[in-house]
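A.B. asks: This is the structure I have questions about; it appears just below.
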Amino acid sequence: MAAELTPQRVGAIRRRLLDWYDAHQQPFPWRTSQDPWAALVAAVCAQQTQMPRVLELWERWMAAFPTPADAARASDAEALRVWGRGGYPKRALYLRRAAEVCLTRYGGAVPDSETELLELAGVGPFTAAIVLAFGFGIDSAAVDTNVVRLFGRLVLGDLQPARESSAGEIQRIAERLMPRGEALRWNPAVMDFGSAVCKPRPRCGECPLARLCQARPRFAAGERAEPVRAQARFEGSQRQLRGMLMRMLREGDDSADRAGLIERGTGESGRPGREVETALEGLIQDQLAHCVGGRIWLGASEC
């Protein structure tokens, strides 16, 4: 049963989460720089990536492209090489496309409205909220998987909110709980708390919100959260083959012979040539590579 968010309950939740954050905060540079571009890059880097890997990827990208103009003027190949082994490399292209819009439409600045942010490549509600909060100090509730898990359990009493809780209800809870003028502290507090304490297997024994949590009695009674469907196995997958081919293209000086690339990929992976060729076709279809005259080039065609 959902808990009523009375002013007293809201106040208690806010105090306990912010006290926890003050004791455990992580000084990620995009959280304090009030640089909208830094916030946008961080939010895109964090999509489907664990936070320990985000900082390294963010630092590499910001060193190469410290402003939207720098990213907009780079080629796809340059962006993909900087992204390196960051995973899900289409994000590098999204950032470059977003930077192009910032340069051509907004004079090189990142826009400060949710509507305009959502029009940028690769930007959804979570990313837009991060930019508004960390980049502009605007009260905007960022809801990621950790926040869904935290608020779905705390307020709604669901054990596995990713499957059980209404997205709209979670968003309403997030907006109700966020203290005005505290977006810079509140958003990282709830994201980090969900990641460190209200984990898929929650640490209820060390949770300062346990007495306020609607799901706590269910966990105490021995109920368990059914795991969300795990990602498909990486080893031996098309994702692995694509990553291997991307590495070969990034490490090349210019372009690669198509047949030679498939042959190299077949030898390195030990997989049939047709599977390697399918992976290469997928890269071309996703504009991570293109083919001209039997040669493969990194990135989309510049023509």
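Just so we're on the same page: first chain in the structure tokens is A, next is B, and so on; residues restart at 1 for each chain, and ligands are numbered from 1 in the order they show up.
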Please identify all polymer residues within 12 Å of Thr278 of chain A, counting only C-alpha atoms, omitting same-chain residues fewer than 5 positions from it, and present them as a ChimeraX atom specification.

C.D. replies: /A:237-239,241-242,245,262,265-266,271-273,283-285

A.B. asks: Take the residues that were just selected and, keeping C-alpha atoms, output them as an mmCIF file, in the first residue's frame.

C.D. replies:
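Produced file again-v6.cif, reproduced below:
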data_model
loop_
_atom_site.group_PDB
_atom_site.id
_atom_site.type_symbol
_atom_site.label_atom_id
_atom_site.label_comp_id
_atom_site.auth_asym_id
_atom_site.auth_seq_id
_atom_site.Cartn_x
_atom_site.Cartn_y
_atom_site.Cartn_z
ATOM 1 C CA SER A 237 27.500 -12.292 -28.863
ATOM 2 C CA GLN A 238 27.092 -9.930 -31.786
ATOM 3 C CA ARG A 239 27.844 -7.123 -29.332
ATOM 4 C CA LEU A 241 31.936 -8.969 -32.451
ATOM 5 C CA ARG A 242 30.846 -5.377 -33.044
ATOM 6 C CA LEU A 245 35.470 -4.584 -35.218
ATOM 7 C CA ILE A 262 36.279 -9.636 -42.023
ATOM 8 C CA GLY A 265 37.837 -10.525 -37.347
ATOM 9 C CA THR A 266 37.197 -14.171 -38.163
ATOM 10 C CA ARG A 271 33.678 -17.138 -35.236
ATOM 11 C CA PRO A 272 32.386 -17.923 -38.750
ATOM 12 C CA GLY A 273 33.029 -15.231 -41.330
ATOM 13 C CA LEU A 283 27.851 -1.167 -37.652
ATOM 14 C CA ILE A 284 27.232 0.265 -41.115
ATOM 15 C CA GLN A 285 23.471 0.303 -40.562
#

A.B. asks: Find the residues around Ser165 of chain A up to 8 Å (only C-alpha atoms counted), leave out those fewer than 5 positions away in its own chain, and share them as a ChimeraX atom specification.

C.D. replies: /A:152,156,158,160,170

A.B. asks: Using the selection just defined, write its residues with N, CA and C atoms as a PDB file, in the first residue's frame.

C.D. replies:
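Output below, filename out_31.pdb:
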ATOM      1  N   GLY A 152       9.970   3.573  -5.485  1.00  0.00           N
ATOM      2  CA  GLY A 152       8.963   2.527  -5.606  1.00  0.00           C
ATOM      3  C   GLY A 152       8.845   1.708  -4.343  1.00  0.00           C
ATOM      4  N   LEU A 156       5.718   3.350  -2.436  1.00  0.00           N
ATOM      5  CA  LEU A 156       4.665   2.489  -2.976  1.00  0.00           C
ATOM      6  C   LEU A 156       4.669   1.078  -2.387  1.00  0.00           C
ATOM      7  N   ASP A 158       6.530  -1.423  -3.394  1.00  0.00           N
ATOM      8  CA  ASP A 158       6.844  -2.444  -4.401  1.00  0.00           C
ATOM      9  C   ASP A 158       8.254  -2.971  -4.165  1.00  0.00           C
ATOM     10  N   GLN A 160      10.076  -4.770  -6.548  1.00  0.00           N
ATOM     11  CA  GLN A 160      10.825  -4.625  -7.791  1.00  0.00           C
ATOM     12  C   GLN A 160      10.145  -3.536  -8.626  1.00  0.00           C
ATOM     13  N   ILE A 170       5.999   7.282 -10.156  1.00  0.00           N
ATOM     14  CA  ILE A 170       7.365   7.528  -9.679  1.00  0.00           C
ATOM     15  C   ILE A 170       7.774   8.972  -9.966  1.00  0.00           C
TER      16      ILE A 170
END

A.B. asks: Counting only C-alpha atoms, which residue out of A:Gly84, A:Gly294, A:Pro52, A:Pro68 sits closest to Arg96 of chain A?

C.D. replies: A:Pro68

A.B. asks: List the spatial neighbours of Ala77 of chain A as a ChimeraX atom specification - criterion: any atom at most 12 Å away, only C-alpha atoms, same-chain residues fewer than 2 positions off excluded.

C.D. replies: /A:71,73-75,79-84,89-90,92-93,96,246-247,249-255,287-290,296-302

A.B. asks: So that I can check the secondary structure, give me every residue of segment 105-296 of chain A assigned helix (DSSP H, G or I) by backbone DSSP, as a tab-separated table (two decimals) with N, CA and C atoms, in the first residue's frame.

C.D. replies:
chain	number	residue	atom	x	y	z
A	105	ARG	N	22.09	26.20	-33.72
A	105	ARG	CA	20.79	26.77	-33.33
A	105	ARG	C	20.88	27.67	-32.09
A	106	TYR	N	21.86	27.38	-31.21
A	106	TYR	CA	21.91	28.10	-29.95
A	106	TYR	C	23.24	28.83	-29.73
A	114	GLU	N	13.55	22.28	-21.02
A	114	GLU	CA	13.37	20.85	-21.19
A	114	GLU	C	12.93	20.52	-22.61
A	115	THR	N	12.03	21.32	-23.17
A	115	THR	CA	11.53	21.06	-24.52
A	115	THR	C	12.66	21.07	-25.53
A	116	GLU	N	13.53	22.07	-25.44
A	116	GLU	CA	14.65	22.16	-26.39
A	116	GLU	C	15.68	21.07	-26.15
A	117	LEU	N	15.92	20.74	-24.91
A	117	LEU	CA	16.88	19.67	-24.61
A	117	LEU	C	16.40	18.34	-25.17
A	125	PRO	N	14.19	12.25	-20.85
A	125	PRO	CA	13.83	13.01	-19.64
A	125	PRO	C	14.90	13.02	-18.56
A	126	PHE	N	15.56	11.86	-18.32
A	126	PHE	CA	16.60	11.83	-17.28
A	126	PHE	C	17.77	12.74	-17.64
A	127	THR	N	18.25	12.62	-18.86
A	127	THR	CA	19.38	13.45	-19.29
A	127	THR	C	19.02	14.93	-19.24
A	128	ALA	N	17.83	15.27	-19.69
A	128	ALA	CA	17.39	16.67	-19.64
A	128	ALA	C	17.36	17.18	-18.21
A	129	ALA	N	16.87	16.35	-17.28
A	129	ALA	CA	16.79	16.77	-15.88
A	129	ALA	C	18.18	16.99	-15.29
A	130	ILE	N	19.13	16.14	-15.65
A	130	ILE	CA	20.50	16.30	-15.16
A	130	ILE	C	21.10	17.61	-15.66
A	131	VAL	N	20.88	17.94	-16.93
A	131	VAL	CA	21.41	19.19	-17.48
A	131	VAL	C	20.78	20.39	-16.79
A	132	LEU	N	19.47	20.36	-16.61
A	132	LEU	CA	18.79	21.49	-15.97
A	132	LEU	C	19.27	21.66	-14.53
A	133	ALA	N	19.42	20.56	-13.80
A	133	ALA	CA	19.81	20.64	-12.40
A	133	ALA	C	21.28	21.01	-12.23
A	134	PHE	N	22.17	20.21	-12.84
A	134	PHE	CA	23.61	20.42	-12.64
A	134	PHE	C	24.16	21.55	-13.49
A	135	GLY	N	23.56	21.76	-14.66
A	135	GLY	CA	24.07	22.79	-15.55
A	135	GLY	C	23.54	24.17	-15.27
A	136	PHE	N	22.26	24.25	-14.84
A	136	PHE	CA	21.62	25.55	-14.67
A	136	PHE	C	21.07	25.79	-13.27
A	145	THR	N	17.28	4.45	-12.87
A	145	THR	CA	16.84	3.16	-12.34
A	145	THR	C	17.00	3.08	-10.82
A	146	ASN	N	18.02	3.75	-10.28
A	146	ASN	CA	18.21	3.74	-8.83
A	146	ASN	C	17.11	4.50	-8.12
A	147	VAL	N	16.68	5.61	-8.70
A	147	VAL	CA	15.62	6.42	-8.11
A	147	VAL	C	14.28	5.68	-8.19
A	148	VAL	N	14.04	5.02	-9.32
A	148	VAL	CA	12.82	4.22	-9.45
A	148	VAL	C	12.77	3.17	-8.35
A	149	ARG	N	13.88	2.48	-8.14
A	149	ARG	CA	13.91	1.43	-7.13
A	149	ARG	C	13.68	2.01	-5.73
A	150	LEU	N	14.34	3.12	-5.42
A	150	LEU	CA	14.22	3.73	-4.11
A	150	LEU	C	12.80	4.20	-3.82
A	151	PHE	N	12.23	4.99	-4.71
A	151	PHE	CA	10.92	5.58	-4.45
A	151	PHE	C	9.79	4.55	-4.58
A	152	GLY	N	9.97	3.57	-5.49
A	152	GLY	CA	8.96	2.53	-5.61
A	152	GLY	C	8.85	1.71	-4.34
A	153	ARG	N	9.97	1.47	-3.68
A	153	ARG	CA	9.94	0.73	-2.42
A	153	ARG	C	9.52	1.63	-1.25
A	154	LEU	N	10.14	2.77	-1.16
A	154	LEU	CA	9.93	3.66	-0.03
A	154	LEU	C	8.48	4.12	0.09
A	155	VAL	N	7.88	4.52	-1.02
A	155	VAL	CA	6.55	5.14	-1.00
A	155	VAL	C	5.45	4.17	-1.42
A	156	LEU	N	5.72	3.35	-2.44
A	156	LEU	CA	4.67	2.49	-2.98
A	156	LEU	C	4.67	1.08	-2.39
A	161	PRO	N	10.36	-2.27	-8.25
A	161	PRO	CA	9.65	-1.17	-8.92
A	161	PRO	C	9.90	-1.06	-10.42
A	162	ALA	N	11.04	-1.54	-10.87
A	162	ALA	CA	11.31	-1.47	-12.31
A	162	ALA	C	10.24	-2.18	-13.11
A	163	ARG	N	9.60	-3.18	-12.51
A	163	ARG	CA	8.54	-3.91	-13.19
A	163	ARG	C	7.16	-3.61	-12.62
A	164	GLU	N	7.09	-3.22	-11.34
A	164	GLU	CA	5.80	-3.12	-10.67
A	164	GLU	C	5.25	-1.70	-10.57
A	167	ALA	N	5.50	4.38	-13.99
A	167	ALA	CA	6.50	5.42	-14.26
A	167	ALA	C	5.96	6.80	-13.94
A	168	GLY	N	4.70	7.02	-14.27
A	168	GLY	CA	4.10	8.31	-13.97
A	168	GLY	C	4.02	8.59	-12.49
A	169	GLU	N	3.69	7.55	-11.70
A	169	GLU	CA	3.61	7.71	-10.26
A	169	GLU	C	4.98	7.98	-9.66
A	170	ILE	N	6.00	7.28	-10.16
A	170	ILE	CA	7.37	7.53	-9.68
A	170	ILE	C	7.77	8.97	-9.97
A	171	GLN	N	7.46	9.47	-11.15
A	171	GLN	CA	7.80	10.85	-11.49
A	171	GLN	C	7.10	11.83	-10.56
A	172	ARG	N	5.85	11.57	-10.26
A	172	ARG	CA	5.11	12.46	-9.34
A	172	ARG	C	5.73	12.43	-7.94
A	173	ILE	N	6.12	11.25	-7.49
A	173	ILE	CA	6.77	11.15	-6.19
A	173	ILE	C	8.09	11.92	-6.18
A	174	ALA	N	8.87	11.75	-7.25
A	174	ALA	CA	10.17	12.43	-7.34
A	174	ALA	C	10.00	13.94	-7.27
A	175	GLU	N	8.99	14.45	-7.95
A	175	GLU	CA	8.76	15.89	-7.95
A	175	GLU	C	8.23	16.37	-6.61
A	176	ARG	N	7.42	15.55	-5.95
A	176	ARG	CA	6.88	15.93	-4.64
A	176	ARG	C	7.97	15.95	-3.58
A	177	LEU	N	8.87	15.01	-3.63
A	177	LEU	CA	9.88	14.90	-2.58
A	177	LEU	C	11.03	15.89	-2.73
A	183	ALA	N	18.20	21.13	-5.90
A	183	ALA	CA	18.41	20.14	-6.96
A	183	ALA	C	19.85	19.63	-7.01
A	184	LEU	N	20.82	20.51	-6.74
A	184	LEU	CA	22.22	20.12	-6.84
A	184	LEU	C	22.62	19.11	-5.77
A	185	ARG	N	21.93	19.10	-4.65
A	185	ARG	CA	22.20	18.10	-3.61
A	185	ARG	C	21.23	16.93	-3.71
A	186	TRP	N	19.97	17.23	-3.98
A	186	TRP	CA	18.95	16.21	-3.92
A	186	TRP	C	19.11	15.14	-4.99
A	187	ASN	N	19.31	15.55	-6.23
A	187	ASN	CA	19.41	14.56	-7.31
A	187	ASN	C	20.55	13.58	-7.08
A	188	PRO	N	21.76	14.02	-6.78
A	188	PRO	CA	22.79	13.02	-6.51
A	188	PRO	C	22.53	12.23	-5.24
A	189	ALA	N	21.84	12.84	-4.27
A	189	ALA	CA	21.54	12.10	-3.03
A	189	ALA	C	20.67	10.89	-3.32
A	190	VAL	N	19.59	11.06	-4.07
A	190	VAL	CA	18.69	9.93	-4.30
A	190	VAL	C	19.30	8.92	-5.26
A	191	MET	N	20.06	9.39	-6.26
A	191	MET	CA	20.70	8.45	-7.18
A	191	MET	C	21.75	7.61	-6.45
A	192	ASP	N	22.58	8.27	-5.65
A	192	ASP	CA	23.65	7.55	-4.96
A	192	ASP	C	23.09	6.63	-3.88
A	193	PHE	N	22.04	7.07	-3.18
A	193	PHE	CA	21.45	6.24	-2.14
A	193	PHE	C	20.84	4.98	-2.75
A	194	GLY	N	20.16	5.14	-3.88
A	194	GLY	CA	19.60	3.98	-4.55
A	194	GLY	C	20.66	3.01	-5.02
A	195	SER	N	21.82	3.55	-5.41
A	195	SER	CA	22.91	2.71	-5.89
A	195	SER	C	23.65	2.02	-4.75
A	196	ALA	N	23.81	2.72	-3.61
A	196	ALA	CA	24.66	2.20	-2.54
A	196	ALA	C	23.89	1.47	-1.44
A	204	CYS	N	18.82	-3.11	4.08
A	204	CYS	CA	17.83	-2.52	4.99
A	204	CYS	C	18.41	-2.28	6.38
A	205	GLY	N	19.36	-3.10	6.78
A	205	GLY	CA	19.92	-2.96	8.13
A	205	GLY	C	20.70	-1.68	8.33
A	206	GLU	N	21.17	-1.07	7.25
A	206	GLU	CA	21.92	0.17	7.37
A	206	GLU	C	21.18	1.36	6.76
A	210	ALA	N	14.58	3.09	6.83
A	210	ALA	CA	13.90	1.80	7.02
A	210	ALA	C	12.55	1.96	7.73
A	211	ARG	N	12.48	2.81	8.75
A	211	ARG	CA	11.23	2.98	9.50
A	211	ARG	C	10.16	3.69	8.68
A	212	LEU	N	10.56	4.34	7.60
A	212	LEU	CA	9.61	5.07	6.76
A	212	LEU	C	9.26	4.29	5.50
A	216	ARG	N	9.81	-2.24	3.55
A	216	ARG	CA	10.64	-2.85	4.58
A	216	ARG	C	9.95	-4.03	5.27
A	217	PRO	N	8.68	-3.93	5.68
A	217	PRO	CA	8.05	-5.10	6.33
A	217	PRO	C	8.00	-6.32	5.42
A	218	ARG	N	7.86	-6.12	4.14
A	218	ARG	CA	7.82	-7.24	3.21
A	218	ARG	C	9.18	-7.91	3.12
A	219	PHE	N	10.23	-7.11	3.05
A	219	PHE	CA	11.57	-7.69	3.03
A	219	PHE	C	11.85	-8.40	4.36
A	220	ALA	N	11.44	-7.78	5.47
A	220	ALA	CA	11.67	-8.37	6.79
A	220	ALA	C	10.94	-9.70	6.95
A	238	GLN	N	26.86	-10.92	-30.73
A	238	GLN	CA	27.09	-9.93	-31.79
A	238	GLN	C	27.67	-8.64	-31.20
A	239	ARG	N	27.28	-8.31	-29.97
A	239	ARG	CA	27.84	-7.12	-29.33
A	239	ARG	C	29.35	-7.25	-29.20
A	240	GLN	N	29.82	-8.45	-28.86
A	240	GLN	CA	31.26	-8.65	-28.72
A	240	GLN	C	31.94	-8.51	-30.08
A	241	LEU	N	31.34	-9.09	-31.11
A	241	LEU	CA	31.94	-8.97	-32.45
A	241	LEU	C	31.97	-7.52	-32.91
A	242	ARG	N	30.89	-6.79	-32.66
A	242	ARG	CA	30.85	-5.38	-33.04
A	242	ARG	C	31.94	-4.59	-32.32
A	243	GLY	N	32.10	-4.87	-31.03
A	243	GLY	CA	33.14	-4.19	-30.27
A	243	GLY	C	34.53	-4.47	-30.80
A	244	MET	N	34.76	-5.72	-31.19
A	244	MET	CA	36.05	-6.10	-31.76
A	244	MET	C	36.32	-5.35	-33.07
A	245	LEU	N	35.31	-5.29	-33.94
A	245	LEU	CA	35.47	-4.58	-35.22
A	245	LEU	C	35.67	-3.09	-35.00
A	246	MET	N	34.94	-2.52	-34.05
A	246	MET	CA	35.12	-1.09	-33.74
A	246	MET	C	36.54	-0.82	-33.26
A	247	ARG	N	37.07	-1.72	-32.44
A	247	ARG	CA	38.44	-1.55	-31.97
A	247	ARG	C	39.42	-1.57	-33.14
A	248	MET	N	39.22	-2.49	-34.06
A	248	MET	CA	40.11	-2.58	-35.22
A	248	MET	C	40.05	-1.32	-36.06
A	249	LEU	N	38.84	-0.78	-36.22
A	249	LEU	CA	38.70	0.44	-37.01
A	249	LEU	C	39.29	1.65	-36.28
A	250	ARG	N	39.09	1.73	-34.97
A	250	ARG	CA	39.65	2.85	-34.21
A	250	ARG	C	41.17	2.84	-34.25
A	251	GLU	N	41.73	1.63	-34.21
A	251	GLU	CA	43.19	1.53	-34.16
A	251	GLU	C	43.83	1.70	-35.52
A	258	ARG	N	37.56	-4.09	-46.68
A	258	ARG	CA	36.41	-4.79	-46.12
A	258	ARG	C	36.67	-6.29	-45.96
A	259	ALA	N	37.14	-6.92	-47.03
A	259	ALA	CA	37.38	-8.36	-46.98
A	259	ALA	C	38.46	-8.69	-45.96
A	260	GLY	N	39.49	-7.83	-45.91
A	260	GLY	CA	40.57	-8.07	-44.96
A	260	GLY	C	40.11	-7.91	-43.52
A	261	LEU	N	39.23	-6.94	-43.29
A	261	LEU	CA	38.72	-6.72	-41.95
A	261	LEU	C	37.90	-7.93	-41.48
A	262	ILE	N	37.08	-8.46	-42.37
A	262	ILE	CA	36.28	-9.64	-42.02
A	262	ILE	C	37.18	-10.83	-41.75
A	263	GLU	N	38.22	-10.97	-42.56
A	263	GLU	CA	39.16	-12.08	-42.36
A	263	GLU	C	39.88	-11.95	-41.02
A	264	ARG	N	40.33	-10.74	-40.70
A	264	ARG	CA	41.01	-10.52	-39.41
A	264	ARG	C	40.05	-10.80	-38.26
A	265	GLY	N	38.82	-10.31	-38.40
A	265	GLY	CA	37.84	-10.52	-37.35
A	265	GLY	C	37.52	-11.99	-37.15
A	266	THR	N	37.47	-12.73	-38.24
A	266	THR	CA	37.20	-14.17	-38.16
A	266	THR	C	38.33	-14.88	-37.43
A	267	GLY	N	39.57	-14.50	-37.77
A	267	GLY	CA	40.72	-15.13	-37.13
A	267	GLY	C	40.81	-14.80	-35.65
A	268	GLU	N	40.56	-13.55	-35.30
A	268	GLU	CA	40.70	-13.14	-33.89
A	268	GLU	C	39.58	-13.71	-33.02
A	269	SER	N	38.38	-13.74	-33.55
A	269	SER	CA	37.23	-14.17	-32.74
A	269	SER	C	37.01	-15.68	-32.77
A	273	GLY	N	32.95	-16.49	-40.61
A	273	GLY	CA	33.03	-15.23	-41.33
A	273	GLY	C	31.68	-14.58	-41.55
A	274	ARG	N	30.63	-15.37	-41.75
A	274	ARG	CA	29.31	-14.78	-41.98
A	274	ARG	C	28.81	-14.03	-40.75
A	275	GLU	N	29.18	-14.50	-39.54
A	275	GLU	CA	28.77	-13.80	-38.33
A	275	GLU	C	29.52	-12.49	-38.18
A	276	VAL	N	30.80	-12.51	-38.53
A	276	VAL	CA	31.58	-11.27	-38.48
A	276	VAL	C	31.04	-10.27	-39.51
A	277	GLU	N	30.70	-10.77	-40.68
A	277	GLU	CA	30.14	-9.89	-41.71
A	277	GLU	C	28.81	-9.30	-41.26
A	278	THR	N	27.98	-10.08	-40.58
A	278	THR	CA	26.71	-9.57	-40.06
A	278	THR	C	26.95	-8.47	-39.03
A	279	ALA	N	27.95	-8.67	-38.20
A	279	ALA	CA	28.28	-7.64	-37.21
A	279	ALA	C	28.74	-6.36	-37.90
A	280	LEU	N	29.53	-6.50	-38.95
A	280	LEU	CA	30.00	-5.33	-39.69
A	280	LEU	C	28.83	-4.61	-40.36
A	281	GLU	N	27.91	-5.36	-40.92
A	281	GLU	CA	26.73	-4.75	-41.54
A	281	GLU	C	25.91	-3.97	-40.51
A	282	GLY	N	25.87	-4.50	-39.29
A	282	GLY	CA	25.16	-3.80	-38.22
A	282	GLY	C	25.81	-2.46	-37.90
A	283	LEU	N	27.14	-2.43	-37.90
A	283	LEU	CA	27.85	-1.17	-37.65
A	283	LEU	C	27.55	-0.16	-38.75
A	284	ILE	N	27.52	-0.63	-39.99
A	284	ILE	CA	27.23	0.26	-41.12
A	284	ILE	C	25.80	0.79	-41.02
A	285	GLN	N	24.88	-0.09	-40.68
A	285	GLN	CA	23.47	0.30	-40.56
A	285	GLN	C	23.28	1.34	-39.46

A.B. asks: Rank nothing, just name the residue among A:Val292, A:Ala99, A:Gln8, A:Val41 nearest to Glu59 of chain A, using only C-alpha atoms.

C.D. replies: A:Val41

A.B. asks: Using only C-alpha atoms for the distances, tell me which of A:Gly270, A:Arg9, A:Trp58, A:Ala43 is nearest to Val143 of chain A.

C.D. replies: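 Ranked by minimum distance to Val143 of chain A, first place goes to A:Ala43.
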